[in-house]
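Colleague: So here's input_34.txt, just compact mmCIF, C-alpha atoms:
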# COMPACT_ATOMS: atom_id res chain seq x y z
CA MET U 1 -14.59 -11.90 6.80
CA ASN U 2 -16.15 -8.47 7.24
CA CYS U 3 -14.79 -6.07 4.64
CA ILE U 4 -15.02 -2.49 3.56
CA VAL U 5 -14.05 -0.90 0.24
CA ILE U 6 -12.37 2.50 0.00
CA ASP U 7 -12.08 3.97 -3.48
CA ASP U 8 -13.02 7.37 -4.81
CA GLU U 9 -14.11 5.81 -8.12
CA GLU U 10 -17.61 4.34 -8.05
CA THR U 11 -16.77 2.02 -10.95
CA ALA U 12 -13.99 0.46 -8.89
CA ARG U 13 -16.18 0.03 -5.83
CA VAL U 14 -18.90 -1.71 -7.83
CA ILE U 15 -16.33 -4.02 -9.44
CA ILE U 16 -14.89 -5.05 -6.06
CA SER U 17 -18.36 -5.72 -4.69
CA GLN U 18 -19.06 -7.92 -7.69
CA LEU U 19 -15.77 -9.79 -7.24
CA CYS U 20 -16.65 -10.39 -3.58
CA HIS U 21 -20.06 -11.65 -4.62
CA HIS U 22 -18.44 -14.80 -6.01
CA VAL U 23 -16.35 -15.54 -2.93
CA ASP U 24 -17.65 -17.37 0.13
CA GLU U 25 -17.25 -15.88 3.59
CA ILE U 26 -16.73 -12.34 2.34
CA ASP U 27 -19.21 -9.72 3.44
CA ILE U 28 -18.96 -6.13 2.29
CA LEU U 29 -20.17 -4.03 5.20
CA GLU U 30 -19.75 -0.64 3.57
CA GLU U 31 -18.19 1.20 0.63
CA PHE U 32 -16.54 4.58 1.00
CA PRO U 33 -15.57 7.19 -1.61
CA ASN U 34 -12.86 8.57 0.68
CA ALA U 35 -10.68 7.48 3.57
CA ILE U 36 -11.98 10.03 6.07
CA GLN U 37 -15.46 8.50 6.06
CA ALA U 38 -13.93 5.06 6.44
CA ILE U 39 -11.94 6.14 9.51
CA LYS U 40 -15.16 7.23 11.22
CA PHE U 41 -16.71 3.86 10.42
CA LEU U 42 -13.67 1.95 11.72
CA ASN U 43 -13.89 3.79 15.02
CA GLN U 44 -17.24 2.13 15.64
CA ASN U 45 -17.09 -1.15 13.74
CA GLU U 46 -14.86 -4.18 13.60
CA VAL U 47 -13.49 -4.98 10.16
CA ASP U 48 -11.30 -7.92 9.09
CA LEU U 49 -10.22 -6.72 5.67
CA ILE U 50 -10.06 -3.48 3.73
CA PHE U 51 -9.85 -3.08 -0.04
CA LEU U 52 -7.99 0.17 -0.30
CA ASP U 53 -7.25 2.35 -3.30
CA ILE U 54 -3.91 4.11 -3.04
CA HIS U 55 -4.51 7.00 -5.39
CA MET U 56 -7.18 9.20 -3.86
CA PRO U 57 -7.26 13.01 -3.75
CA ASP U 58 -6.26 14.79 -0.51
CA PHE U 59 -5.85 11.63 1.59
CA THR U 60 -4.09 8.71 -0.08
CA GLY U 61 -4.32 5.05 0.82
CA PHE U 62 -0.91 5.23 2.50
CA ASP U 63 -2.00 8.30 4.51
CA PHE U 64 -4.97 6.23 5.65
CA ILE U 65 -2.78 3.31 6.78
CA GLU U 66 -0.50 5.66 8.70
CA THR U 67 -3.50 7.24 10.42
CA ILE U 68 -5.40 4.26 11.77
CA LYS U 69 -4.31 2.42 14.88
CA ASN U 70 -3.98 -1.35 14.58
CA PRO U 71 -5.05 -1.55 10.95
CA PRO U 72 -6.83 -4.75 9.89
CA LYS U 73 -5.58 -6.70 6.89
CA ILE U 74 -5.48 -4.59 3.76
CA ILE U 75 -5.53 -5.47 0.07
CA LEU U 76 -4.36 -2.54 -2.00
CA THR U 77 -6.14 -1.86 -5.26
CA THR U 78 -4.48 0.47 -7.72
CA SER U 79 -3.94 1.33 -11.36
CA ASP U 80 -0.24 1.79 -10.68
CA SER U 81 2.16 -1.10 -10.13
CA ASN U 82 4.92 1.30 -9.02
CA PHE U 83 3.77 1.30 -5.41
CA ALA U 84 4.32 -2.43 -4.91
CA ILE U 85 7.68 -1.98 -3.20
CA GLN U 86 6.31 0.64 -0.82
CA ALA U 87 3.51 -1.74 0.07
CA PHE U 88 6.06 -4.22 1.47
CA GLU U 89 6.78 -1.76 4.27
CA TYR U 90 3.40 -2.33 5.89
CA ASP U 91 2.71 -5.57 7.74
CA CYS U 92 -1.03 -5.11 7.36
CA ILE U 93 -0.89 -5.24 3.56
CA VAL U 94 -1.48 -8.80 2.44
CA ASP U 95 -1.70 -8.25 -1.31
CA TYR U 96 -1.55 -5.71 -4.08
CA LEU U 97 -4.05 -5.82 -6.93
CA VAL U 98 -3.51 -3.88 -10.12
CA LYS U 99 -6.71 -2.78 -11.85
CA PRO U 100 -8.54 -4.09 -13.79
CA ILE U 101 -8.82 -6.94 -11.31
CA THR U 102 -9.78 -10.39 -12.59
CA GLN U 103 -11.82 -12.86 -10.54
CA GLU U 104 -8.96 -15.36 -10.51
CA ARG U 105 -6.42 -12.84 -9.20
CA PHE U 106 -8.95 -11.52 -6.70
CA GLU U 107 -9.59 -14.95 -5.23
CA LYS U 108 -5.86 -15.50 -4.89
CA ALA U 109 -5.65 -12.31 -2.83
CA ILE U 110 -8.52 -13.43 -0.61
CA LYS U 111 -6.74 -16.73 0.01
CA LYS U 112 -3.66 -14.80 1.06
CA ALA U 113 -5.75 -12.67 3.41
CA LYS U 114 -7.26 -15.77 4.99
CA SER U 115 -3.95 -17.62 5.36
CA ASN U 116 -2.34 -14.45 6.65
CA THR U 117 -4.71 -14.61 9.61
CA SER U 118 -3.19 -17.86 10.77
CA ASN U 119 0.35 -16.66 10.05
CA VAL U 120 -0.14 -13.69 12.31
CA LYS U 121 -1.24 -15.90 15.16
CA LYS U 122 1.69 -18.24 14.67
CA GLY U 123 4.03 -15.28 14.51
CA GLU U 124 2.82 -13.99 17.85
CA ASP U 125 3.83 -17.26 19.45
CA LYS U 126 7.26 -17.11 17.93
CA VAL U 127 8.36 -13.65 18.92
CA GLU U 128 10.92 -14.93 21.38
CA THR U 129 12.33 -17.52 19.01
CA ALA U 130 12.59 -15.17 16.10
CA SER U 131 16.23 -14.31 16.88
CA GLY U 132 17.57 -16.57 14.14
CA ASN U 133 15.38 -15.00 11.48
CA ASP U 134 16.36 -12.70 8.71
CA LEU U 135 15.00 -9.25 8.15
CA TYR U 136 14.30 -7.87 4.67
CA VAL U 137 14.69 -4.17 4.03
CA ASN U 138 13.67 -2.16 1.01
CA ILE U 139 16.57 -0.16 -0.43
CA ASP U 140 16.37 1.36 -3.91
CA ARG U 141 13.54 -1.01 -4.87
CA ARG U 142 15.51 -4.08 -3.81
CA LEU U 143 14.66 -6.26 -0.84
CA ILE U 144 17.93 -6.89 0.96
CA LYS U 145 18.31 -9.63 3.55
CA ILE U 146 19.92 -8.76 6.87
CA ASP U 147 20.91 -11.37 9.43
CA ILE U 148 19.20 -10.14 12.61
CA PRO U 149 21.86 -11.25 15.13
CA SER U 150 24.50 -9.36 13.13
CA ILE U 151 22.70 -6.07 13.81
CA TYR U 152 24.37 -4.26 16.68
CA LEU U 153 22.78 -0.83 16.50
CA ILE U 154 19.82 0.94 14.92
CA GLU U 155 19.64 4.69 14.90
CA ALA U 156 16.67 6.88 13.93
CA LYS U 157 17.54 9.72 11.57
CA GLY U 158 14.47 11.76 10.60
CA ASP U 159 12.33 9.69 8.25
CA TYR U 160 15.07 7.05 8.01
CA ILE U 161 16.77 4.50 10.21
CA ASN U 162 20.40 3.52 10.03
CA ILE U 163 20.90 -0.21 10.64
CA LYS U 164 24.47 -1.08 11.60
CA THR U 165 25.65 -4.67 11.24
CA GLU U 166 29.01 -6.42 11.59
CA ASP U 167 29.66 -6.04 7.87
CA LYS U 168 27.67 -3.14 6.58
CA ASN U 169 25.40 -0.21 7.37
CA TYR U 170 21.97 0.20 5.76
CA THR U 171 19.90 3.38 5.55
CA VAL U 172 16.22 2.53 5.21
CA HIS U 173 13.10 4.66 4.93
CA SER U 174 11.30 3.40 8.05
CA THR U 175 10.78 4.11 11.72
CA LEU U 176 12.37 2.77 14.89
CA LYS U 177 8.95 1.56 16.02
CA LYS U 178 8.45 -0.56 12.88
CA ILE U 179 11.79 -2.30 13.14
CA GLU U 180 11.47 -2.71 16.92
CA ASP U 181 8.35 -4.80 16.33
CA LYS U 182 10.35 -7.10 14.04
CA LEU U 183 13.22 -7.74 16.42
CA PRO U 184 13.38 -10.34 19.22
CA GLU U 185 12.95 -8.67 22.60
CA SER U 186 15.42 -11.08 24.15
CA ILE U 187 18.31 -9.48 22.24
CA PHE U 188 17.27 -5.95 21.39
CA LEU U 189 16.32 -3.02 23.60
CA LYS U 190 15.36 0.52 22.78
CA VAL U 191 17.60 2.47 25.16
CA HIS U 192 16.79 5.91 23.84
CA ARG U 193 14.13 7.40 21.58
CA SER U 194 16.67 7.33 18.74
CA PHE U 195 18.52 4.09 19.43
CA ILE U 196 17.93 0.33 19.62
CA ILE U 197 20.89 -1.78 20.70
CA ASN U 198 21.77 -5.46 20.53
CA PHE U 199 22.51 -6.67 24.07
CA ASN U 200 25.04 -9.20 22.91
CA LYS U 201 27.22 -6.50 21.38
CA ILE U 202 27.61 -4.28 24.45
CA ILE U 203 31.26 -3.70 25.39
CA ASP U 204 30.71 -1.63 28.51
CA ILE U 205 28.21 0.59 30.29
CA GLU U 206 29.09 3.84 31.90
CA ASP U 207 26.60 6.06 33.73
CA ASN U 208 24.03 6.96 31.10
CA SER U 209 25.67 5.51 28.03
CA VAL U 210 26.67 2.17 26.54
CA LEU U 211 29.61 1.39 24.30
CA ILE U 212 28.74 -0.80 21.33
CA LYS U 213 31.58 -1.37 18.87
CA LYS U 214 32.96 2.14 18.58
CA ASP U 215 29.65 3.88 19.16
CA VAL U 216 28.80 5.51 22.47
CA ILE U 217 25.03 5.41 22.78
CA PRO U 218 23.03 7.51 25.26
CA VAL U 219 20.63 5.68 27.58
CA SER U 220 17.47 7.54 28.58
CA ARG U 221 16.84 7.84 32.30
CA SER U 222 13.54 6.01 31.86
CA LYS U 223 15.22 3.12 30.00
CA ARG U 224 18.13 2.60 32.39
CA PRO U 225 16.22 0.42 34.94
CA GLU U 226 15.12 -1.95 32.14
CA LEU U 227 18.67 -2.10 30.79
CA MET U 228 20.14 -2.88 34.23
CA LYS U 229 17.44 -5.47 34.93
CA ARG U 230 18.30 -7.39 31.82
CA LEU U 231 22.05 -7.47 32.37
CA ASN U 232 23.65 -10.58 33.84
CA LEU U 233 25.26 -8.73 36.74
CA LEU U 234 27.77 -10.47 38.99
CA MET L 1 -2.60 2.11 -32.33
CA LYS L 2 -5.48 0.24 -33.92
CA GLU L 3 -7.63 -1.10 -31.13
CA SER L 4 -11.23 -0.64 -30.24
CA PRO L 5 -12.99 -0.44 -26.91
CA ASN L 6 -14.77 -3.65 -25.99
CA LEU L 7 -16.81 -5.16 -23.18
CA ASP L 8 -14.81 -8.37 -22.77
CA TYR L 9 -13.73 -7.61 -19.20
CA ILE L 10 -17.20 -6.45 -18.17
CA GLU L 11 -18.78 -9.56 -19.73
CA GLU L 12 -16.34 -11.82 -17.90
CA LEU L 13 -16.86 -10.01 -14.63
CA SER L 14 -20.63 -10.11 -14.89
CA GLY L 15 -20.63 -13.86 -15.57
CA GLY L 16 -23.96 -13.54 -17.38
CA ASP L 17 -25.48 -11.26 -14.74
CA LYS L 18 -27.17 -8.72 -17.00
CA ALA L 19 -28.31 -6.50 -14.14
CA PHE L 20 -24.73 -6.11 -12.96
CA LYS L 21 -23.45 -5.50 -16.51
CA ASP L 22 -26.05 -2.77 -17.08
CA LYS L 23 -25.32 -1.22 -13.72
CA LEU L 24 -21.58 -1.07 -14.35
CA ILE L 25 -21.98 0.37 -17.84
CA SER L 26 -24.37 2.96 -16.50
CA ILE L 27 -21.86 4.02 -13.83
CA ILE L 28 -19.04 4.22 -16.38
CA LYS L 29 -21.27 6.31 -18.65
CA LYS L 30 -21.96 8.63 -15.73
CA GLU L 31 -18.39 8.86 -14.39
CA PHE L 32 -16.41 9.09 -17.61
CA PRO L 33 -17.73 12.50 -18.77
CA GLN L 34 -17.22 13.86 -15.25
CA GLU L 35 -13.62 12.66 -15.17
CA GLU L 36 -13.00 13.99 -18.67
CA ALA L 37 -14.42 17.40 -17.71
CA ILE L 38 -12.20 17.65 -14.62
CA TYR L 39 -9.21 16.61 -16.74
CA LYS L 40 -9.92 19.37 -19.27
CA THR L 41 -10.41 22.02 -16.60
CA ASN L 42 -7.11 21.19 -14.95
CA LEU L 43 -5.34 21.00 -18.29
CA ALA L 44 -6.64 24.44 -19.26
CA ALA L 45 -5.28 25.73 -15.96
CA LYS L 46 -1.96 23.94 -16.68
CA ASN L 47 -2.24 22.32 -13.28
CA TYR L 48 -0.23 19.34 -14.49
CA SER L 49 0.05 17.40 -11.24
CA GLU L 50 -3.74 17.41 -10.99
CA VAL L 51 -4.02 16.51 -14.68
CA ALA L 52 -1.72 13.53 -14.03
CA SER L 53 -4.02 12.48 -11.24
CA ASN L 54 -7.04 12.79 -13.55
CA VAL L 55 -5.30 10.71 -16.22
CA HIS L 56 -4.51 8.12 -13.57
CA LYS L 57 -8.19 7.86 -12.71
CA ILE L 58 -9.27 7.62 -16.36
CA LYS L 59 -6.66 4.88 -16.93
CA HIS L 60 -8.84 2.42 -15.06
CA LYS L 61 -11.69 2.92 -17.50
CA ILE L 62 -9.30 2.61 -20.43
CA SER L 63 -8.21 -0.77 -19.09
CA ILE L 64 -11.77 -1.90 -18.29
CA LEU L 65 -12.65 -1.26 -21.93
CA GLY L 66 -9.75 -3.44 -23.08
CA LEU L 67 -7.58 -0.69 -24.60
CA LEU L 68 -4.20 -2.11 -23.70
CA ASN L 69 -2.03 0.06 -25.95
CA SER L 70 -3.98 3.13 -24.98
CA TYR L 71 -3.43 2.26 -21.34
CA GLU L 72 0.33 2.28 -21.91
CA LEU L 73 0.14 5.65 -23.62
CA ALA L 74 -1.98 7.02 -20.77
CA GLU L 75 0.58 5.77 -18.28
CA LYS L 76 3.38 7.49 -20.19
CA TYR L 77 1.32 10.68 -20.44
CA GLU L 78 0.63 10.57 -16.69
CA HIS L 79 4.33 10.34 -15.87
CA GLU L 80 5.29 13.03 -18.36
CA LEU L 81 2.66 15.36 -16.91
CA LEU L 82 4.37 15.05 -13.55
CA GLU L 83 7.36 16.61 -15.30
CA ASN L 84 5.13 19.37 -16.71
CA ASN L 85 5.20 17.82 -20.17
CA ALA L 86 1.81 17.57 -21.91
CA GLY L 87 3.27 16.42 -25.20
CA LEU L 88 0.98 13.40 -25.44
CA GLN L 89 -2.19 15.46 -24.97
CA GLU L 90 -3.43 15.03 -28.53
CA GLU L 91 -2.95 11.25 -28.58
CA PHE L 92 -4.55 10.87 -25.16
CA GLU L 93 -7.54 12.95 -26.14
CA ALA L 94 -8.00 10.81 -29.24
CA ILE L 95 -8.40 7.85 -26.85
CA LEU L 96 -10.96 9.81 -24.84
CA ALA L 97 -12.89 10.59 -28.01
CA LYS L 98 -12.87 6.92 -28.95
CA ILE L 99 -14.23 5.92 -25.54
CA LYS L 100 -16.84 8.66 -25.60
CA LEU L 101 -18.14 7.47 -28.96
CA PHE L 102 -18.17 3.85 -27.79
CA LEU L 103 -20.10 4.69 -24.61
CA GLU L 104 -22.63 6.75 -26.56
CA GLN L 105 -23.38 3.74 -28.72
CA LEU L 106 -24.01 1.38 -25.79
Will you turn the file into structure tokens for me?

Modeller:
Amino acid sequence: MNCIVIDDEETARVIISQLCHHVDEIDILEEFPNAIQAIKFLNQNEVDLIFLDIHMPDFTGFDFIETIKNPPKIILTTSDSNFAIQAFEYDCIVDYLVKPITQERFEKAIKKAKSNTSNVKKGEDKVETASGNDLYVNIDRRLIKIDIPSIYLIEAKGDYINIKTEDKNYTVHSTLKKIEDKLPESIFLKVHRSFIINFNKIIDIEDNSVLIKKDVIPVSRSKRPELMKRLNLL
Amino acid sequence: MKESPNLDYIEELSGGDKAFKDKLISIIKKEFPQEEAIYKTNLAAKNYSEVASNVHKIKHKISILGLLNSYELAEKYEHELLENNAGLQEEFEAILAKIKLFLEQL
């Protein structure tokens, strides 16, 4: 695996290089004292894994993840265990190492990164059959399980999304795009920039809106053809 | 808080590789005074969010040198600084002094 290390502390970078030294199939391509330099490198080089410090001045590790398109696998390295929950929100993060990092814990993280590669590939094959799966959301530092088919509507509200299910509503710090990627396309459709609906829960459709439960949801002009195409019209 | 800095972690990490051990110690000896100086400048300016960030950075070296209790104090100090409370300054700086002395003797 080709790796890079991003950490503003030289001590930390040297330690990670040393830890990698004892692991087969890990090559450190470059080390960076800040994320900006790393972004330039990523624009021109292919990387499998990034060791990323969260706490860096000006541009944090999370800023970095939000900035790069299609991030590779990332192992977070930090002196603060309080970010662990936030780390769950990013699919690209495969592990979270609290400094000082031991060789044993480091190798465990590498194993996760390697096995995660095969999981991703399997997951891509299972997108259409994922409808029976559960979705975990982070609310007040708790991971709460939601039964995906019970979701009937998701609404974007600023930095949050409101997930409405048969039993309960959940407000989660996330984006519509992130949750859209987790949902089976066969059931869910984004009908508007602020709304994703569950097809199975539609009551009726009228002009440019759909009625789901008691919610009337607008349908964008650009999304209407896709919506009509997927309906089982008589 | 009777504990002394030690090289246990560095020894374990180096696995007998003296060149690596010397390199790491040399980097710590170079970085620590720089981090301490930035910490003191920000503290003098009462820029507490920056001071918290500096303490966060120094925490790693505290843990590398095996100062577990000191690490906990540093963590508490870091969080209190974010609430503009520098009450643990004296205790934290005693840790810095201990590390400084230890590094000078290496």

Colleague: To one decimal in Å, tell me the separation between CA of Glu91 (chain L) and CA of Lys61 (chain L).

Modeller: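 Computed distance, CA of Glu91 (chain L) to CA of Lys61 (chain L), equals 16.4 Å.
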
Colleague: Just the number, please: distance in Å from CA of Glu10 (chain U) to CA of Val47 (chain U), one decimal.

Modeller: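 Answer for the CA of Glu10 (chain U) to CA of Val47 (chain U) separation: 20.9 Å.
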
Colleague: I'd like the contact shell of Pro218 (chain U) - 9 Å cut-off, only C-alpha atoms, skipping same-chain residues fewer than 5 positions apart - returned as a list in words.

Modeller: Val191, His192, Phe195, Asn208, Ser209 and Val210 of chain U

Colleague: Show me, as number ranges by chain, the residues that have an atom within 12 Å of Ser63 (chain L) when counting all atoms listed in the file, minus same-chain residues fewer than 3 positions from it.

Modeller: U: 12, 79-80, 98-102; L: 4-10, 56-60, 66-75, 95, 99

Colleague: Find the nearest atom pair between each residue of chain U and chain L for residues within 12 Å, count all atoms listed in the file, give distances in Å to one decimal, sort rows by chain and ascending number, and present the table as JSON lines.

Modeller:
{"residue": "U:Asp7", "atom": "CA", "partner": "L:Lys57", "partner_atom": "CA", "distance": 10.7}
{"residue": "U:Asp8", "atom": "CA", "partner": "L:Lys57", "partner_atom": "CA", "distance": 9.3}
{"residue": "U:Glu9", "atom": "CA", "partner": "L:Lys57", "partner_atom": "CA", "distance": 7.8}
{"residue": "U:Glu10", "atom": "CA", "partner": "L:Ile27", "partner_atom": "CA", "distance": 7.2}
{"residue": "U:Thr11", "atom": "CA", "partner": "L:Ile27", "partner_atom": "CA", "distance": 6.2}
{"residue": "U:Ala12", "atom": "CA", "partner": "L:His60", "partner_atom": "CA", "distance": 8.3}
{"residue": "U:Arg13", "atom": "CA", "partner": "L:Leu24", "partner_atom": "CA", "distance": 10.1}
{"residue": "U:Val14", "atom": "CA", "partner": "L:Leu24", "partner_atom": "CA", "distance": 7.1}
{"residue": "U:Ile15", "atom": "CA", "partner": "L:Leu24", "partner_atom": "CA", "distance": 7.8}
{"residue": "U:Ile16", "atom": "CA", "partner": "L:Leu13", "partner_atom": "CA", "distance": 10.1}
{"residue": "U:Ser17", "atom": "CA", "partner": "L:Phe20", "partner_atom": "CA", "distance": 10.4}
{"residue": "U:Gln18", "atom": "CA", "partner": "L:Leu13", "partner_atom": "CA", "distance": 7.6}
{"residue": "U:Leu19", "atom": "CA", "partner": "L:Leu13", "partner_atom": "CA", "distance": 7.5}
{"residue": "U:Cys20", "atom": "CA", "partner": "L:Leu13", "partner_atom": "CA", "distance": 11.1}
{"residue": "U:His21", "atom": "CA", "partner": "L:Ser14", "partner_atom": "CA", "distance": 10.4}
{"residue": "U:His22", "atom": "CA", "partner": "L:Gly15", "partner_atom": "CA", "distance": 9.9}
{"residue": "U:Asp53", "atom": "CA", "partner": "L:Lys57", "partner_atom": "CA", "distance": 10.9}
{"residue": "U:Ile54", "atom": "CA", "partner": "L:Lys57", "partner_atom": "CA", "distance": 11.2}
{"residue": "U:His55", "atom": "CA", "partner": "L:Ser53", "partner_atom": "CA", "distance": 8.0}
{"residue": "U:Met56", "atom": "CA", "partner": "L:Ser53", "partner_atom": "CA", "distance": 8.7}
{"residue": "U:Pro57", "atom": "CA", "partner": "L:Ser53", "partner_atom": "CA", "distance": 8.2}
{"residue": "U:Asp58", "atom": "CA", "partner": "L:Glu50", "partner_atom": "CA", "distance": 11.1}
{"residue": "U:Thr60", "atom": "CA", "partner": "L:Ser53", "partner_atom": "CA", "distance": 11.8}
{"residue": "U:Thr77", "atom": "CA", "partner": "L:His60", "partner_atom": "CA", "distance": 11.0}
{"residue": "U:Thr78", "atom": "CA", "partner": "L:His60", "partner_atom": "CA", "distance": 8.8}
{"residue": "U:Ser79", "atom": "CA", "partner": "L:His60", "partner_atom": "CA", "distance": 6.2}
{"residue": "U:Asp80", "atom": "CA", "partner": "L:His56", "partner_atom": "CA", "distance": 8.2}
{"residue": "U:Ser81", "atom": "CA", "partner": "L:Glu75", "partner_atom": "CA", "distance": 10.8}
{"residue": "U:Asn82", "atom": "CA", "partner": "L:Glu75", "partner_atom": "CA", "distance": 11.2}
{"residue": "U:Val98", "atom": "CA", "partner": "L:His60", "partner_atom": "CA", "distance": 9.6}
{"residue": "U:Lys99", "atom": "CA", "partner": "L:His60", "partner_atom": "CA", "distance": 6.5}
{"residue": "U:Pro100", "atom": "CA", "partner": "L:Ile64", "partner_atom": "CA", "distance": 6.0}
{"residue": "U:Ile101", "atom": "CA", "partner": "L:Ile64", "partner_atom": "CA", "distance": 9.1}
{"residue": "U:Thr102", "atom": "CA", "partner": "L:Leu13", "partner_atom": "CA", "distance": 7.4}
{"residue": "U:Gln103", "atom": "CA", "partner": "L:Leu13", "partner_atom": "CA", "distance": 7.1}
{"residue": "U:Glu104", "atom": "CA", "partner": "L:Leu13", "partner_atom": "CA", "distance": 10.4}
{"residue": "U:Phe106", "atom": "CA", "partner": "L:Leu13", "partner_atom": "CA", "distance": 11.3}

Colleague: Taking all atoms of region 56-65 of chain L that the file lists and extending 5 Å past them on each side, where is the centre of the axis-aligned box and how long are its edges? Answer in Å to one decimal, as JSON.

Modeller:
{"center_x": -8.6, "center_y": 3.1, "center_z": -17.3, "size_x": 18.1, "size_y": 20.0, "size_z": 19.2}

Colleague: Select, from U:Ile203, U:Val172, U:Glu185, U:Ile110, the residue with the minimum atom-to-atom distance to Arg142 (chain U), counting only C-alpha atoms.

Modeller: U:Val172

Colleague: Of the candidates L:Glu11, L:Glu93, L:Lys21, L:Asn84, which shows the shortest atom-to-atom distance to Glu36 (chain L), using all atoms listed in the file?

Modeller: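 Counting all atoms listed in the file, the residue closest to Glu36 (chain L) is L:Glu93.
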
Colleague: What does the structure give for the distance between CA of Asp95 (chain U) and CA of Ile36 (chain U), in Å to one decimal?

Modeller: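 So the two atoms, CA of Asp95 (chain U) and CA of Ile36 (chain U), lie 22.2 Å apart.
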
Colleague: Looking at all atoms listed in the file, which of U:Glu107, U:Asp134, U:Asp48, U:Glu206 is the one that sits closest to Ile74 (chain U)?

Modeller: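 Residue with the minimum atom-to-atom distance to Ile74 (chain U): U:Asp48.
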
Colleague: Name all residues at most 10 Å from Gly158 (chain U) (count all atoms listed in the file; drop same-chain ones fewer than 4 positions away) and give them as a VMD selection string.

Modeller: chain U and resid 173 to 175 194

Colleague: Atoms to include: C-alpha atoms. Write the selected residues as a PDB file, keeping the file's coordinate frame.

Modeller:
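Result file part_6.pdb:
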ATOM      1  CA  HIS U 173      13.100   4.660   4.930  1.00  0.00           C
ATOM      2  CA  SER U 174      11.300   3.400   8.050  1.00  0.00           C
ATOM      3  CA  THR U 175      10.780   4.110  11.720  1.00  0.00           C
ATOM      4  CA  SER U 194      16.670   7.330  18.740  1.00  0.00           C
TER       5      SER U 194
END

Colleague: Since the input is missing atoms, can you rebuild N, CA and C atoms for region 144-159 of chain U and write them as an mmCIF file, keeping the file's coordinate frame?

Modeller:
data_model
loop_
_atom_site.group_PDB
_atom_site.id
_atom_site.type_symbol
_atom_site.label_atom_id
_atom_site.label_comp_id
_atom_site.auth_asym_id
_atom_site.auth_seq_id
_atom_site.Cartn_x
_atom_site.Cartn_y
_atom_site.Cartn_z
ATOM 1 N N ILE U 144 16.610 -6.380 0.552
ATOM 2 C CA ILE U 144 17.930 -6.890 0.960
ATOM 3 C C ILE U 144 17.795 -7.615 2.291
ATOM 4 N N LYS U 145 18.405 -8.810 2.340
ATOM 5 C CA LYS U 145 18.310 -9.630 3.550
ATOM 6 C C LYS U 145 19.387 -9.222 4.566
ATOM 7 N N ILE U 146 18.956 -9.060 5.797
ATOM 8 C CA ILE U 146 19.920 -8.760 6.870
ATOM 9 C C ILE U 146 19.774 -9.842 7.939
ATOM 10 N N ASP U 147 20.891 -10.360 8.372
ATOM 11 C CA ASP U 147 20.910 -11.370 9.430
ATOM 12 C C ASP U 147 20.684 -10.636 10.764
ATOM 13 N N ILE U 148 19.567 -10.915 11.420
ATOM 14 C CA ILE U 148 19.200 -10.140 12.610
ATOM 15 C C ILE U 148 20.277 -10.140 13.709
ATOM 16 N N PRO U 149 20.861 -11.291 14.065
ATOM 17 C CA PRO U 149 21.860 -11.250 15.130
ATOM 18 C C PRO U 149 23.111 -10.413 14.801
ATOM 19 N N SER U 150 23.325 -10.159 13.493
ATOM 20 C CA SER U 150 24.500 -9.360 13.130
ATOM 21 C C SER U 150 24.259 -7.860 13.330
ATOM 22 N N ILE U 151 22.999 -7.492 13.563
ATOM 23 C CA ILE U 151 22.700 -6.070 13.810
ATOM 24 C C ILE U 151 23.183 -5.708 15.218
ATOM 25 N N TYR U 152 23.968 -4.649 15.326
ATOM 26 C CA TYR U 152 24.370 -4.260 16.680
ATOM 27 C C TYR U 152 23.757 -2.927 17.116
ATOM 28 N N LEU U 153 23.335 -2.122 16.137
ATOM 29 C CA LEU U 153 22.780 -0.830 16.500
ATOM 30 C C LEU U 153 21.808 -0.337 15.425
ATOM 31 N N ILE U 154 20.734 0.293 15.862
ATOM 32 C CA ILE U 154 19.820 0.940 14.920
ATOM 33 C C ILE U 154 19.578 2.366 15.411
ATOM 34 N N GLU U 155 19.767 3.288 14.514
ATOM 35 C CA GLU U 155 19.640 4.690 14.900
ATOM 36 C C GLU U 155 18.583 5.376 14.044
ATOM 37 N N ALA U 156 17.685 6.126 14.679
ATOM 38 C CA ALA U 156 16.670 6.880 13.930
ATOM 39 C C ALA U 156 17.285 8.174 13.424
ATOM 40 N N LYS U 157 17.036 8.460 12.143
ATOM 41 C CA LYS U 157 17.540 9.720 11.570
ATOM 42 C C LYS U 157 16.428 10.329 10.721
ATOM 43 N N GLY U 158 15.595 11.154 11.328
ATOM 44 C CA GLY U 158 14.470 11.760 10.600
ATOM 45 C C GLY U 158 13.514 10.683 10.116
ATOM 46 N N ASP U 159 13.246 10.672 8.828
ATOM 47 C CA ASP U 159 12.330 9.690 8.250
ATOM 48 C C ASP U 159 13.033 8.362 7.968
#
